[in-house]
$ cat query09.csv   # CSV, C-alpha atoms
chain,number,residue,atom,x,y,z
A,19,MET,CA,23.9,-109.3,16.2
A,20,ALA,CA,23.5,-108.5,19.9
A,21,ALA,CA,20.2,-110.3,19.9
A,22,GLU,CA,22.1,-113.5,19.2
A,23,LEU,CA,24.1,-113.1,22.3
A,24,LYS,CA,23.6,-116.0,24.7
A,25,LEU,CA,23.8,-115.0,28.3
A,26,SER,CA,24.5,-117.1,31.3
A,27,HIS,CA,21.7,-117.6,33.8
A,28,THR,CA,23.3,-115.1,36.2
A,29,ALA,CA,23.8,-112.5,33.5
A,30,ALA,CA,20.3,-112.9,32.3
A,31,LEU,CA,19.0,-112.6,35.9
A,32,ILE,CA,20.9,-109.3,36.3
A,33,LEU,CA,19.6,-108.0,33.0
A,34,ARG,CA,16.1,-108.9,34.1
A,35,ALA,CA,16.6,-107.2,37.4
A,36,ILE,CA,17.9,-104.0,35.8
A,37,HIS,CA,14.8,-104.0,33.5
A,38,ALA,CA,12.3,-104.7,36.3
A,39,GLY,CA,13.8,-102.8,39.2
A,40,ASP,CA,15.2,-99.4,40.0
A,41,GLY,CA,18.3,-99.9,37.9
A,42,TYR,CA,21.1,-99.1,40.2
A,43,GLY,CA,23.6,-101.6,41.6
A,44,PHE,CA,22.3,-102.2,45.1
A,45,SER,CA,18.7,-102.6,43.9
A,46,VAL,CA,20.0,-105.3,41.5
A,47,MET,CA,21.7,-107.0,44.4
A,48,GLU,CA,18.5,-106.9,46.5
A,49,MET,CA,16.4,-108.3,43.7
A,50,THR,CA,18.7,-111.1,42.6
A,51,GLY,CA,20.3,-112.0,46.0
A,52,LEU,CA,23.7,-112.0,44.3
A,53,PRO,CA,26.8,-110.6,46.1
A,54,SER,CA,28.4,-107.3,45.0
A,55,GLY,CA,31.4,-109.1,43.6
A,56,THR,CA,29.2,-110.8,41.1
A,57,VAL,CA,26.7,-108.1,40.3
A,58,TYR,CA,29.0,-105.2,39.5
A,59,PRO,CA,31.5,-107.0,37.2
A,60,ALA,CA,28.5,-108.5,35.4
A,61,MET,CA,27.0,-105.1,34.9
A,62,ARG,CA,30.4,-103.8,33.5
A,63,ARG,CA,30.4,-106.7,31.1
A,64,LEU,CA,26.8,-106.1,30.0
A,65,GLU,CA,27.6,-102.4,29.5
A,66,ARG,CA,30.8,-103.3,27.5
A,67,ASP,CA,28.7,-105.5,25.3
A,68,GLY,CA,26.2,-102.7,24.6
A,69,LEU,CA,23.3,-104.4,26.4
A,70,ILE,CA,22.9,-101.7,29.0
A,71,ARG,CA,24.0,-98.1,29.4
A,72,SER,CA,24.7,-96.1,32.5
A,73,GLN,CA,23.8,-92.6,33.5
A,74,TRP,CA,24.4,-90.6,36.7
A,75,GLU,CA,21.4,-89.1,38.3
A,76,ARG,CA,21.2,-85.3,38.4
A,77,GLN,CA,22.9,-84.0,41.6
A,78,SER,CA,19.9,-81.7,42.3
A,79,ILE,CA,17.6,-84.7,42.5
A,80,ALA,CA,20.0,-86.4,44.9
A,81,ASP,CA,20.4,-83.3,47.0
A,82,ALA,CA,16.6,-82.9,47.3
A,83,GLY,CA,16.4,-86.5,48.6
A,84,GLN,CA,19.4,-85.8,50.9
A,85,ARG,CA,21.3,-88.8,49.5
A,86,PRO,CA,24.2,-89.5,47.2
A,87,ALA,CA,23.6,-89.5,43.5
A,88,ARG,CA,22.9,-92.9,42.0
A,89,LYS,CA,24.3,-94.3,38.8
A,90,TYR,CA,21.4,-95.8,36.9
A,91,TYR,CA,21.6,-98.6,34.4
A,92,LYS,CA,19.1,-99.0,31.6
A,93,LEU,CA,18.6,-101.6,28.9
A,94,THR,CA,19.5,-100.6,25.4
A,95,ARG,CA,17.5,-101.8,22.4
A,96,PRO,CA,19.9,-104.8,21.8
A,97,GLY,CA,19.7,-105.4,25.6
A,98,GLN,CA,15.9,-105.7,25.4
A,99,ALA,CA,16.1,-108.1,22.5
A,100,THR,CA,18.6,-110.2,24.4
A,101,LEU,CA,16.4,-110.2,27.5
A,102,GLU,CA,13.5,-111.4,25.5
A,103,ALA,CA,15.7,-114.2,24.0
A,104,SER,CA,17.0,-115.1,27.5
A,105,GLU,CA,13.4,-115.3,28.9
A,106,ARG,CA,12.6,-117.8,26.2
A,107,ARG,CA,15.7,-119.7,27.0
A,108,TYR,CA,15.2,-119.5,30.8
A,109,PRO,CA,11.4,-119.6,31.3
A,110,LEU,CA,11.7,-119.3,35.1
A,111,LEU,CA,13.6,-116.0,34.9
A,112,ALA,CA,10.5,-113.8,34.7
A,113,LYS,CA,8.8,-115.6,37.6
A,114,LEU,CA,12.0,-115.5,39.7
A,115,THR,CA,12.4,-111.8,39.6
A,116,ALA,CA,8.6,-111.2,39.9
A,117,VAL,CA,8.7,-113.1,43.2
A,118,GLU,CA,11.7,-111.0,44.4
A,119,VAL,CA,9.8,-107.8,43.5
A,120,ASP,CA,6.7,-109.0,45.4
A,121,GLN,CA,8.8,-109.8,48.5
A,122,SER,CA,10.6,-106.4,48.5
B,11,MET,CA,32.3,-96.3,58.0
B,12,ARG,CA,36.0,-95.4,57.9
B,13,ILE,CA,37.1,-99.0,57.5
B,14,HIS,CA,34.6,-99.6,54.7
B,15,LEU,CA,35.7,-96.4,52.8
B,16,ALA,CA,39.3,-97.6,53.4
B,17,ILE,CA,38.5,-100.9,51.7
B,18,LEU,CA,36.9,-99.1,48.8
B,19,ARG,CA,39.9,-96.8,48.4
B,20,SER,CA,42.3,-99.8,48.5
B,21,ALA,CA,40.3,-101.5,45.8
B,22,ALA,CA,40.3,-98.2,43.8
B,23,CYS,CA,44.1,-98.5,43.5
B,24,LEU,CA,43.5,-101.4,41.1
B,25,VAL,CA,41.1,-99.5,38.8
B,26,PRO,CA,42.7,-97.8,35.8
B,27,GLY,CA,43.4,-94.1,36.5
B,28,GLU,CA,40.9,-92.5,34.2
B,29,GLN,CA,38.0,-94.5,35.6
B,30,ARG,CA,39.1,-94.4,39.3
B,31,ALA,CA,37.2,-91.3,40.4
B,32,GLU,CA,33.9,-92.3,38.9
B,33,TRP,CA,34.3,-95.9,40.1
B,34,LEU,CA,34.9,-94.7,43.7
B,35,ALA,CA,32.0,-92.3,43.5
B,36,GLU,CA,29.7,-95.1,42.4
B,37,TRP,CA,30.8,-97.6,45.1
B,38,SER,CA,30.8,-94.9,47.8
B,39,ALA,CA,27.2,-94.0,46.9
B,40,GLU,CA,26.2,-97.7,46.8
B,41,LEU,CA,27.8,-98.1,50.3
B,42,TRP,CA,25.6,-95.4,51.6
B,43,TYR,CA,22.5,-97.3,50.4
B,44,VAL,CA,23.7,-100.6,51.8
B,45,ARG,CA,24.2,-98.9,55.2
B,46,GLN,CA,20.8,-97.3,55.0
B,47,SER,CA,19.1,-100.6,54.3
B,48,GLY,CA,20.4,-101.9,57.7
B,49,GLN,CA,22.1,-104.9,56.2
B,50,ARG,CA,24.9,-106.4,58.2
B,51,GLN,CA,27.1,-107.5,55.3
B,52,THR,CA,28.6,-104.1,54.7
B,53,THR,CA,32.1,-105.5,54.9
B,54,GLY,CA,31.2,-108.3,52.5
B,55,PHE,CA,29.7,-105.7,50.1
B,56,CYS,CA,32.9,-103.6,50.2
B,57,LEU,CA,35.2,-106.7,49.7
B,58,GLY,CA,33.2,-107.4,46.5
B,59,SER,CA,34.7,-104.1,45.1
B,60,PHE,CA,38.0,-105.9,44.7
B,61,ARG,CA,36.5,-108.3,42.2
B,62,ASP,CA,35.0,-105.4,40.3
B,63,ALA,CA,38.3,-103.5,40.4
B,64,PHE,CA,40.2,-106.5,39.1
B,65,TRP,CA,37.7,-106.9,36.3
B,66,LEU,CA,38.2,-103.3,35.2
B,67,ARG,CA,42.0,-103.7,35.5
B,68,ARG,CA,42.0,-106.8,33.3
B,69,ASN,CA,39.5,-105.6,30.7
B,70,GLY,CA,40.2,-101.9,30.6
B,71,ALA,CA,42.1,-100.2,27.8
B,72,PRO,CA,45.9,-100.1,28.3
B,73,THR,CA,46.8,-97.0,30.2
B,74,VAL,CA,50.5,-96.8,29.2
B,75,GLN,CA,51.3,-93.3,28.0
B,76,PRO,CA,52.2,-93.1,24.3
B,77,TRP,CA,55.7,-91.8,25.0
B,78,LEU,CA,56.4,-94.8,27.2
B,79,ARG,CA,55.2,-97.3,24.6
B,80,LEU,CA,58.2,-98.3,22.5
B,81,GLU,CA,55.8,-98.6,19.5
B,82,THR,CA,58.0,-98.0,16.5
B,83,PRO,CA,61.3,-99.9,16.0
B,84,ALA,CA,63.2,-96.6,15.9
B,85,ARG,CA,61.8,-95.5,19.2
B,86,CYS,CA,62.5,-98.9,20.8
B,87,LEU,CA,66.1,-99.0,19.6
B,88,GLY,CA,66.6,-95.3,20.3
B,89,PHE,CA,65.4,-95.6,23.8
B,90,LEU,CA,67.5,-98.8,24.5
B,91,GLY,CA,70.5,-97.2,22.9
B,92,LEU,CA,70.1,-94.1,25.0
B,93,VAL,CA,69.9,-96.1,28.3
B,94,ALA,CA,72.9,-98.2,27.3
B,95,ALA,CA,74.9,-95.1,26.4
B,96,VAL,CA,74.1,-93.4,29.7
B,97,LEU,CA,75.1,-96.5,31.7
B,98,LEU,CA,78.3,-96.8,29.7
B,99,LEU,CA,79.2,-93.2,30.4
B,100,VAL,CA,78.6,-93.7,34.1
B,101,ALA,CA,80.7,-96.9,34.0
B,102,LEU,CA,83.6,-95.1,32.3
B,103,ARG,CA,83.5,-92.1,34.7
B,104,HIS,CA,83.2,-94.3,37.8
B,105,PRO,CA,85.0,-97.6,36.9
B,106,ALA,CA,84.4,-100.5,39.2
B,107,PRO,CA,87.6,-101.6,41.0
B,108,GLY,CA,89.2,-104.5,39.2
B,109,CYS,CA,86.9,-104.2,36.2
B,110,PRO,CA,88.3,-101.6,33.8
B,111,LEU,CA,86.3,-101.2,30.5
B,112,LEU,CA,89.4,-100.2,28.5
B,113,PRO,CA,90.8,-101.9,26.5
B,114,ILE,CA,87.5,-103.1,25.2
B,115,GLY,CA,88.5,-106.7,24.4
B,116,PRO,CA,88.2,-108.4,27.8
B,117,PRO,CA,84.9,-106.8,28.8
B,118,LEU,CA,83.4,-107.9,25.4
B,119,LEU,CA,84.5,-111.4,25.9
B,120,PHE,CA,83.1,-111.3,29.4
B,121,MET,CA,79.7,-110.1,28.0
B,122,LEU,CA,79.7,-113.0,25.5
B,123,GLY,CA,80.5,-115.4,28.3
B,124,MET,CA,77.6,-114.1,30.4
B,125,ALA,CA,75.3,-114.4,27.5
B,126,ALA,CA,76.4,-118.0,26.9
B,127,MET,CA,75.9,-118.8,30.6
B,128,ALA,CA,72.4,-117.2,30.6
B,129,LEU,CA,71.3,-119.3,27.6
B,130,PRO,CA,70.5,-122.6,29.5
B,131,ALA,CA,68.4,-120.7,32.0
B,132,LEU,CA,66.6,-118.9,29.2
B,133,LEU,CA,65.8,-122.1,27.4
B,134,ALA,CA,64.4,-123.6,30.6
B,135,THR,CA,62.2,-120.6,31.4
B,136,THR,CA,61.1,-119.2,28.0
B,137,SER,CA,59.8,-120.5,24.7
B,138,LEU,CA,62.1,-119.5,21.9
B,139,ARG,CA,59.4,-119.9,19.3
B,140,LEU,CA,58.7,-116.6,17.6
B,141,GLY,CA,55.7,-117.9,15.6
B,142,GLU,CA,54.8,-119.1,12.1
B,143,TYR,CA,55.7,-116.5,9.5
B,144,ALA,CA,56.1,-116.8,5.7
B,145,ALA,CA,59.6,-118.1,4.9
B,146,HIS,CA,62.1,-115.8,3.1
B,147,ARG,CA,60.3,-112.7,4.2
B,148,TYR,CA,60.6,-110.2,7.0
B,149,GLY,CA,64.5,-110.4,7.2
B,150,TRP,CA,64.6,-107.0,9.0
B,151,ARG,CA,62.9,-108.5,12.1
B,152,TRP,CA,66.0,-110.6,12.7
B,153,VAL,CA,68.3,-107.6,12.4
B,154,PHE,CA,65.9,-105.7,14.8
B,155,LEU,CA,65.9,-108.7,17.3
B,156,ALA,CA,69.7,-108.9,17.2
B,157,GLY,CA,70.0,-105.2,17.8
B,158,LYS,CA,67.6,-105.3,20.6
B,159,ILE,CA,69.3,-108.2,22.3
B,160,ALA,CA,72.7,-106.5,22.0
B,161,LEU,CA,71.3,-103.3,23.6
B,162,VAL,CA,69.5,-105.0,26.5
B,163,HIS,CA,72.6,-107.1,27.1
B,164,SER,CA,74.7,-104.0,27.2
B,165,ILE,CA,72.2,-102.3,29.6
B,166,VAL,CA,72.4,-105.2,32.0
B,167,PHE,CA,76.2,-105.4,31.8
B,168,PHE,CA,76.9,-101.7,32.3
B,169,GLY,CA,74.0,-101.4,34.8
B,170,VAL,CA,75.5,-104.1,37.0
B,171,LEU,CA,79.0,-102.5,36.6
B,172,ASP,CA,77.6,-99.1,37.7
B,173,VAL,CA,76.1,-100.7,40.8
B,174,LEU,CA,79.2,-102.8,41.4
B,175,SER,CA,81.3,-99.7,42.2
B,176,VAL,CA,78.7,-98.7,44.9
B,177,VAL,CA,77.4,-102.0,46.4
B,178,GLY,CA,80.4,-104.2,45.9
B,179,PRO,CA,81.1,-107.6,44.3
B,180,VAL,CA,78.0,-109.2,45.7
B,181,ILE,CA,75.9,-107.6,43.0
B,182,ALA,CA,77.7,-109.6,40.4
B,183,VAL,CA,75.2,-112.5,41.1
B,184,CYS,CA,72.6,-110.3,39.3
B,185,TRP,CA,74.4,-110.6,35.9
B,186,ILE,CA,73.0,-113.9,34.8
B,187,PRO,CA,69.4,-113.4,36.1
B,188,GLY,CA,69.5,-110.0,34.6
B,189,CYS,CA,70.6,-111.4,31.2
B,190,VAL,CA,67.8,-114.0,31.3
B,191,LEU,CA,65.2,-111.3,32.1
B,192,ALA,CA,66.5,-109.0,29.4
B,193,PHE,CA,66.6,-111.7,26.7
B,194,ARG,CA,63.1,-112.9,27.8
B,195,TRP,CA,61.7,-109.3,27.4
B,196,ALA,CA,63.4,-109.0,24.0
B,197,LEU,CA,61.7,-112.3,22.8
B,198,ILE,CA,58.3,-111.3,24.2
B,199,ASP,CA,58.5,-107.9,22.7
B,200,GLN,CA,59.5,-109.4,19.3
B,201,ARG,CA,56.4,-111.7,19.4
B,202,ARG,CA,54.1,-108.6,19.8
B,203,ARG,CA,55.4,-106.8,16.7
B,204,CYS,CA,54.2,-106.7,13.1
B,205,PRO,CA,56.9,-108.6,11.1
B,206,GLU,CA,56.6,-106.0,8.2
B,207,CYS,CA,56.8,-102.6,9.9
B,208,LEU,CA,58.0,-103.9,13.3
B,209,ARG,CA,55.5,-101.7,15.2
B,210,LEU,CA,53.8,-103.0,18.3
B,211,LEU,CA,50.5,-104.8,17.4
B,212,ALA,CA,47.2,-103.3,18.8
B,213,TYR,CA,43.5,-103.9,19.0
B,214,PRO,CA,43.5,-107.3,20.9
B,215,ALA,CA,40.3,-109.2,20.5
B,216,PRO,CA,39.3,-112.5,22.1
B,217,ILE,CA,38.4,-115.2,19.5
B,218,GLY,CA,36.7,-118.5,19.9
B,219,ARG,CA,35.6,-120.5,23.0
B,220,ARG,CA,37.4,-122.7,25.4
B,221,SER,CA,34.8,-125.4,25.0
B,222,ARG,CA,35.5,-125.7,21.2
B,223,THR,CA,39.2,-126.3,21.2
B,224,PHE,CA,38.9,-129.4,18.9
B,225,LEU,CA,36.9,-127.6,16.3
B,226,GLU,CA,38.5,-124.2,16.2
B,227,TRP,CA,41.3,-122.3,17.9
B,228,TYR,CA,40.7,-119.8,20.7
B,229,GLY,CA,42.9,-117.1,21.8
B,230,THR,CA,43.6,-113.5,21.0
B,231,GLU,CA,43.9,-111.7,17.7
B,232,PHE,CA,46.1,-108.6,17.3
B,233,ALA,CA,46.1,-106.3,14.3
B,234,CYS,CA,48.9,-104.2,12.9
B,235,PRO,CA,48.0,-100.5,13.2
B,236,LYS,CA,49.2,-99.9,9.7
B,237,GLY,CA,47.1,-102.8,8.3
B,238,HIS,CA,49.9,-105.2,7.3
B,239,GLY,CA,48.2,-108.2,8.9
B,240,LEU,CA,46.7,-110.0,11.8
B,241,LEU,CA,48.5,-112.1,14.5
B,242,HIS,CA,46.6,-115.0,16.0
B,243,VAL,CA,47.9,-116.1,19.4
B,244,PRO,CA,46.4,-119.3,20.8
B,245,GLU,CA,45.5,-119.4,24.5
B,246,THR,CA,46.5,-123.0,24.7
B,247,PRO,CA,48.8,-124.6,22.1
B,248,ALA,CA,47.1,-127.4,20.3
B,249,ILE,CA,48.4,-129.9,17.6
B,250,SER,CA,46.8,-127.9,14.9
B,251,PHE,CA,47.8,-124.5,16.3
B,252,ARG,CA,51.1,-124.9,18.2
B,253,THR,CA,52.3,-121.3,18.1
B,254,GLN,CA,51.2,-117.9,17.0
B,255,ARG,CA,50.5,-117.3,13.3
B,256,TRP,CA,50.8,-114.3,11.2
B,257,LEU,CA,48.1,-113.6,8.6
B,258,HIS,CA,49.3,-111.2,5.9
B,259,LEU,CA,46.7,-108.8,4.6
B,260,ASP,CA,47.2,-107.4,1.1
B,261,ARG,CA,46.6,-103.9,-0.1
B,262,SER,CA,42.9,-104.5,-0.6
B,263,TRP,CA,42.5,-104.3,3.1
B,264,SER,CA,44.2,-101.0,3.6
B,265,GLY,CA,40.9,-99.0,3.5
B,266,LEU,CA,40.0,-100.5,6.8
B,267,PHE,CA,43.1,-99.1,8.5
B,268,SER,CA,43.4,-95.7,6.9

$ encode --input "query09.csv" --output "C-alpha cells"
Amino acid sequence: MAAELKLSHTAALILRAIHAGDGYGFSVMEMTGLPSGTVYPAMRRLERDGLIRSQWERQSIADAGQRPARKYYKLTRPGQATLEASERRYPLLAKLTAVEVDQS
Amino acid sequence: MRIHLAILRSAACLVPGEQRAEWLAEWSAELWYVRQSGQRQTTGFCLGSFRDAFWLRRNGAPTVQPWLRLETPARCLGFLGLVAAVLLLVALRHPAPGCPLLPIGPPLLFMLGMAAMALPALLATTSLRLGEYAAHRYGWRWVFLAGKIALVHSIVFFGVLDVLSVVGPVIAVCWIPGCVLAFRWALIDQRRRCPECLRLLAYPAPIGRRSRTFLEWYGTEFACPKGHGLLHVPETPAISFRTQRWLHLDRSWSGLFS
C-alpha cells in the first residue's frame, strides 16, 4: 500500500537525503539546500505516513562528542519501496543528491 | 543565541502540549549544529520552526481534555444547563436595575424578541443546512437541537444581565451578537454529531483530492465512535455534493467499532 504512494519531487528529495546522508534534520537541509520551514514539516509528514521513523541518539554518545543529542530519521521498509518507486519516477533524483554528497 | 532560542520558544507555544518538550529539544539541538556550521542564516533557520509548529498544530491529535469535550448529549445538555442555572441564580441575587426577572413573562418575551432580532444576522453569517439525512428518522436530534438552543440563549441572556448590573447599560449591545454566536455554535455542534446517538463524531480522515473534484468528492470523513455511521463533509460544496451526508452503517459493521 505504502509503495504505491506518489511523493512530490521535494518529498522524494528529502527521502533520498535521509537515506543517503546522516539522517538528522540539518544534514537533510545541507544535502537538499531546502529551508528548515520545508524540511521539518515534510519529515513529519513522511513519519506520519510511515515512510520514516525517528529515534533519539543515546545521550552518552552525544556527551562523548560534547554536543547535543541528535534525533535521527531512518527509512522504514515501505519508505525504501517508495524511494525506489520515486527514483524511477524522478530519474535525476539519485544524481542530484549524489552531487550534493560529493560537494559536502 | 538568546534571540534564536526565544524564537524557538515562541514557536513552541504553537506545538501541542504533549509534543512540545521533544519538539523544542530537537530544534534546540539542530540550532546548535547550524551555529557550529558557521552559516549566517541562523535567524532564517529559526523562523522556519513556525511552519513546523503550525504543521504539528494543524495535524496533531486533538488535545482537548475528555472532561471538557461535550461528547455525549447528556453531558452537553447537563453542562449547558448548569451554566445557565448558575447565571440565573446570580441574576436573581443581584438583579440589574430596571430589569427584574420576576414576574417571568416580560423577560421571556424579551428573550424571544432578542432571538428574532438575531435571526437575520445568523442567516447572513451561517449556513443553516444541517446535512442530508434519511427522512423520518433521527427525530431526537431536533429535540436535542431545540434544547441546546434554548440553553445557550438562556446563558447569553442571563450572562449579559449579570454583567449589566456591574458594567452598566452599555453591555446590552452584546445581546444580539451574543445570540448570533451562541446559535452559530449550536448549529456547528449539531453538524458534528451522530444523528442516532448524538455523540460527537471522531476519527477525521481526509478523503479524495482537490484536483479530482469533478470525478469524486473530496473532504473529510468522520465516524461515529459507536459505529452508527459515517459523515462525509465536502471541503467545497459541488452540485453533486452540496452539503454533508450521513451514511448509515447497519449492525454488520459493529465488529469494527467494538

$ residues_around --input "query09.csv" --residues "region 66-75 of chain A" --least-positions-apart "5" --cutoff "7 Å" --atoms "all atoms listed in the file" --output "count of residues only"
10

$ interface_residues --input "query09.csv" --of "chain B" --to "chain A" --cutoff "7 Å" --atoms "only C-alpha atoms" --output "VMD selection string"
chain B and resid 36 39 to 40 55 58 to 59 61 to 62 65

$ write_last_selection --input "query09.csv" --atoms "C-alpha atoms" --output "compact mmCIF listing (two decimals), keeping the file's coordinate frame"
# COMPACT_ATOMS: atom_id res chain seq x y z
CA GLU B 36 29.70 -95.10 42.40
CA ALA B 39 27.20 -94.00 46.90
CA GLU B 40 26.20 -97.70 46.80
CA PHE B 55 29.70 -105.70 50.10
CA GLY B 58 33.20 -107.40 46.50
CA SER B 59 34.70 -104.10 45.10
CA ARG B 61 36.50 -108.30 42.20
CA ASP B 62 35.00 -105.40 40.30
CA TRP B 65 37.70 -106.90 36.30

$ atom_distance --input "query09.csv" --atom1 "CA of Tyr148 (chain B)" --atom2 "CA of Gly239 (chain B)"
12.7 Å

$ atom_distance --input "query09.csv" --atom1 "CA of Ala128 (chain B)" --atom2 "CA of Phe251 (chain B)"
29.4 Å

$ axis_aligned_box --input "query09.csv" --around "region 98-116 of chain A" --padding-each-side "3 Å" --output "JSON"
{"center_x": 13.6, "center_y": -112.7, "center_z": 31.2, "size_x": 16.0, "size_y": 20.0, "size_z": 23.4}

$ residues_around --input "query09.csv" --residues "Ile32 (chain A)" --least-positions-apart "2" --cutoff "9 Å" --atoms "all atoms listed in the file" --output "list in words"
His27, Thr28, Ala29, Ala30, Arg34, Ala35, Ile36, His37, Val46, Met47, Met49, Thr50, Leu52, Val57, Ala60 and Met61 of chain A

$ closest_residue --input "query09.csv" --among "B:Asn69, B:Gly48, B:Ile165, B:Thr246" --to "Ala215 (chain B)" --atoms "only C-alpha atoms"
B:Asn69

$ atom_distance --input "query09.csv" --atom1 "CA of Leu257 (chain B)" --atom2 "CA of Leu133 (chain B)"
27.2 Å

$ residues_around --input "query09.csv" --residues "Asp199 (chain B)" --least-positions-apart "4" --cutoff "10 Å" --atoms "all atoms listed in the file" --output "ChimeraX atom specification"
/B:80,155,158,193-195,203,210

$ residues_around --input "query09.csv" --residues "Tyr213 (chain B)" --least-positions-apart "3" --cutoff "8 Å" --atoms "all atoms listed in the file" --output "PyMOL selection string"
chain B and resi 231-233

$ residues_around --input "query09.csv" --residues "Cys184 (chain B)" --least-positions-apart "2" --cutoff "12 Å" --atoms "all atoms listed in the file" --output "mmCIF file with C-alpha atoms, in the frame of the given file"
data_model
loop_
_atom_site.group_PDB
_atom_site.id
_atom_site.type_symbol
_atom_site.label_atom_id
_atom_site.label_comp_id
_atom_site.auth_asym_id
_atom_site.auth_seq_id
_atom_site.Cartn_x
_atom_site.Cartn_y
_atom_site.Cartn_z
ATOM 1 C CA MET B 124 77.600 -114.100 30.400
ATOM 2 C CA ALA B 128 72.400 -117.200 30.600
ATOM 3 C CA VAL B 166 72.400 -105.200 32.000
ATOM 4 C CA PHE B 167 76.200 -105.400 31.800
ATOM 5 C CA PHE B 168 76.900 -101.700 32.300
ATOM 6 C CA GLY B 169 74.000 -101.400 34.800
ATOM 7 C CA VAL B 170 75.500 -104.100 37.000
ATOM 8 C CA LEU B 171 79.000 -102.500 36.600
ATOM 9 C CA VAL B 173 76.100 -100.700 40.800
ATOM 10 C CA LEU B 174 79.200 -102.800 41.400
ATOM 11 C CA VAL B 177 77.400 -102.000 46.400
ATOM 12 C CA GLY B 178 80.400 -104.200 45.900
ATOM 13 C CA PRO B 179 81.100 -107.600 44.300
ATOM 14 C CA VAL B 180 78.000 -109.200 45.700
ATOM 15 C CA ILE B 181 75.900 -107.600 43.000
ATOM 16 C CA ALA B 182 77.700 -109.600 40.400
ATOM 17 C CA ILE B 186 73.000 -113.900 34.800
ATOM 18 C CA PRO B 187 69.400 -113.400 36.100
ATOM 19 C CA GLY B 188 69.500 -110.000 34.600
ATOM 20 C CA CYS B 189 70.600 -111.400 31.200
ATOM 21 C CA VAL B 190 67.800 -114.000 31.300
ATOM 22 C CA LEU B 191 65.200 -111.300 32.100
ATOM 23 C CA ALA B 192 66.500 -109.000 29.400
#

$ decode --input "query09.csv" --residues "region 63-95 of chain A" --atoms "C-alpha atoms" --output "mmCIF file, in the first residue's frame"
data_model
loop_
_atom_site.group_PDB
_atom_site.id
_atom_site.type_symbol
_atom_site.label_atom_id
_atom_site.label_comp_id
_atom_site.auth_asym_id
_atom_site.auth_seq_id
_atom_site.Cartn_x
_atom_site.Cartn_y
_atom_site.Cartn_z
ATOM 1 C CA ARG A 63 4.556 14.115 7.083
ATOM 2 C CA LEU A 64 6.827 11.273 5.970
ATOM 3 C CA GLU A 65 6.933 9.951 9.535
ATOM 4 C CA ARG A 66 3.156 10.186 9.853
ATOM 5 C CA ASP A 67 2.804 8.200 6.609
ATOM 6 C CA GLY A 68 5.123 5.505 7.964
ATOM 7 C CA LEU A 69 7.891 6.069 5.422
ATOM 8 C CA ILE A 70 10.480 7.074 8.004
ATOM 9 C CA ARG A 71 10.862 6.614 11.753
ATOM 10 C CA SER A 72 12.761 8.727 14.230
ATOM 11 C CA GLN A 73 14.971 7.810 17.151
ATOM 12 C CA TRP A 74 16.958 9.914 19.584
ATOM 13 C CA GLU A 75 20.664 9.273 19.790
ATOM 14 C CA ARG A 76 21.875 7.921 23.130
ATOM 15 C CA GLN A 77 22.879 10.746 25.471
ATOM 16 C CA SER A 78 26.182 9.038 26.315
ATOM 17 C CA ILE A 79 27.254 9.188 22.645
ATOM 18 C CA ALA A 80 26.324 12.869 22.441
ATOM 19 C CA ASP A 81 28.134 13.608 25.714
ATOM 20 C CA ALA A 82 31.268 11.879 24.427
ATOM 21 C CA GLY A 83 31.200 14.152 21.381
ATOM 22 C CA GLN A 84 30.418 17.214 23.567
ATOM 23 C CA ARG A 85 27.353 18.106 21.522
ATOM 24 C CA PRO A 86 23.583 17.879 21.926
ATOM 25 C CA ALA A 87 21.891 14.582 21.112
ATOM 26 C CA ARG A 88 20.565 14.261 17.594
ATOM 27 C CA LYS A 89 17.219 12.953 16.504
ATOM 28 C CA TYR A 90 17.912 10.548 13.678
ATOM 29 C CA TYR A 91 15.483 9.588 10.949
ATOM 30 C CA LYS A 92 15.657 6.278 9.115
ATOM 31 C CA LEU A 93 13.688 4.829 6.238
ATOM 32 C CA THR A 94 11.220 2.094 7.039
ATOM 33 C CA ARG A 95 10.611 -0.823 4.671
#
